[in-house]
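Below is one structure; the comments refer to it alone.
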Protein chains: 2
Amino acid sequence: MLSNTEQEFIIHFGEMGSKWGINRTVGQIYALLFLSEAPLNAEQIVERLSISRSNVSMSLKELQAWELVRLKHVQGDRRDYFTTPEDLWTIVRTLVEQRKKREIDPTLTKLRELQMQAPADGESGYAMDRIGELGELIELLTGWYDDMNRLETERLVQLLTLGSKLQGLIGKAEGVIPFSFGGKRRATQTPKKSDGGAA
Amino acid sequence: MLSNTEQEFIIHFGEMGSKWGINRTVGQIYALLFLSEAPLNAEQIVERLSISRSNVSMSLKELQAWELVRLKHVQGDRRDYFTTPEDLWTIVRTLVEQRKKREIDPTLTKLRELQMQAPADGESGYAMDRIGELGELIELLTGWYDDMNRLETERLVQLLTLGSKLQGLIGKAEGVIPFSFGGKRRATQTPKKSDGGAA
DNA sequence: TATGGATTTCAGAAATTACTGAAATCCATG
DNA sequence: CATGGATTTCAGTAATTTCTGAAATCCATA
């Protein structure tokens, strides 16, 4: 049923699953759908991956929570069929959006919360500085992400392809950009060369 | 010993650990070191987090494998002391580098491998197209990452701060950029508006 | 090279996460 | 509104991951 290549691809996604914050089954189902031109229903997934029907149900639910998989209905068939978006950029955008939501946003919220309650405690010192710094850094990065995300795909691809040519463009924008970024007490230093390698 | 804020921060990092691909202890130790101005030795970590010595040892080993933590020796003390880099940009760079290495590079390798062996099998069709497309997309993104990573931090921050101003800059570079990106058989389409939302 | 503190290793225990089969629920159709 | 296929839920089991204490190793110093 599945070609050798498909098998290997699916197994790889299963193995990578844990590193990607999903589990083996979810990874495999995603891979299977990604490679399938036609939408698949749960029973087809059960057959092709040899896993239980209930596991497929739960895993599809998770993939839908990630918005990585779409429900598609086939005329004259009341079963649910699933696909991944054709356009890979849609997938990338979803992936980044979801990971930001799960892996970054909660921390930013927590950092701000800690900063709010700290002054009341009279808390101060290095730890608070670090927390503030980290919060600002995350805000800079997510703010930039928001900007990128607003671009339509064609523009985005142009930008990504630009690469080293960017160096020159920064020069063109000079003077317009009010460079400033740092914590309340201790400014985020921008080291001349770099902070060095490992110990 | 630990302030309220420090406690909460550490607990948060512990909880987020699993979403970040590390475990609770590793997350907590990292958080503790991140907030500590002075380097800490293993015994101090044991005390502050109430975990076993062996767990600290293994977790520090993992943090070192991630290059997120540095060994620092104190004169007249033969114990190992650990810190995180002062500069947050160094941390971000390490994090991105390591995640790319663990979460993306192996997949790119696998995709290329599948493409190499597929023609021999006479394999073709939708699945191969998808695999090729995905490989190209990943290469575009990692290539761009390499470019960004080469920039010194100050430039990088400028770029990130640029945000919406980028729109204009792309225009300036127009004509220089040979837009092309697509799979072998089936070009990666760049939809006019977007592939739409969820099902 | 013997000593002893510091660190690492490792086998088993504890905790967590993933998976299954059976039962419950859902819902379009007759 | 009863039927029956499709889907979901859930409690128990399996598998995996994390954590610990004890023993082994390492290594600077006496």
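Chain lettering (A, B, ...) mirrors the order of the structure tokens, residue numbering begins at 1 for each chain separately, and ligand numbering begins at 1 in order of display.
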Could you list, as a CSV table (one decimal) with C-alpha atoms, in the first residue's frame, every residue of chain A that has an atom within 6 Å of an atom of chain B, counting only C-alpha atoms?
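Written file, selection21.csv:
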chain,number,residue,atom,x,y,z
A,35,LEU,CA,2.1,12.7,1.6
A,70,ARG,CA,-8.2,20.0,8.0
A,71,LEU,CA,-11.5,18.3,7.9
A,127,ALA,CA,17.1,38.2,39.2
A,144,TRP,CA,9.4,41.1,14.6
A,147,ASP,CA,5.7,42.0,11.3
A,160,LEU,CA,14.2,35.3,2.9
A,163,GLY,CA,20.1,37.0,2.7
A,164,SER,CA,23.5,38.8,2.8
A,199,ALA,CA,33.6,26.7,28.3
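Backbone DSSP over chain A yields strand (DSSP E) at A:Leu40, A:Asn41, A:Arg70, A:Leu71, A:Lys72, A:His73, A:Asp80, A:Tyr81, A:Phe82, A:Thr83.
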| task | Pull out every residue of chain B sitting within 12 Å of chain D, counting only C-alpha atoms (C1' of nucleotides), and send them as a ChimeraX atom specification. | result | /B:18,22-26,50-59,76-79
Practice prompt. Counting only C-alpha atoms (C1' of nucleotides), collect the residues of chain C whose closest atom lies at most 12 Å from chain A, and write them out as number ranges by chain.
Written response: C: 17-22, 27-29
In Å, how far is it from atom CA of A:Gly27 to atom CA of B:Tyr30?
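Between these atoms lies a distance of 28.4 Å.
The spacing separating atom CA of B:Leu63 from atom CA of A:Leu108 amounts to 22.2 Å.
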Considering only helix (DSSP H, G or I) as DSSP defines it on the backbone, what residues of chain B qualify? List them as a PyMOL selection string. chain B and resi 4-20+24-35+42-49+53-65+88-121+126-150+153-173
Computed gap from atom CA of A:Ile10 to atom CA of A:Gln28 is 5.1 Å
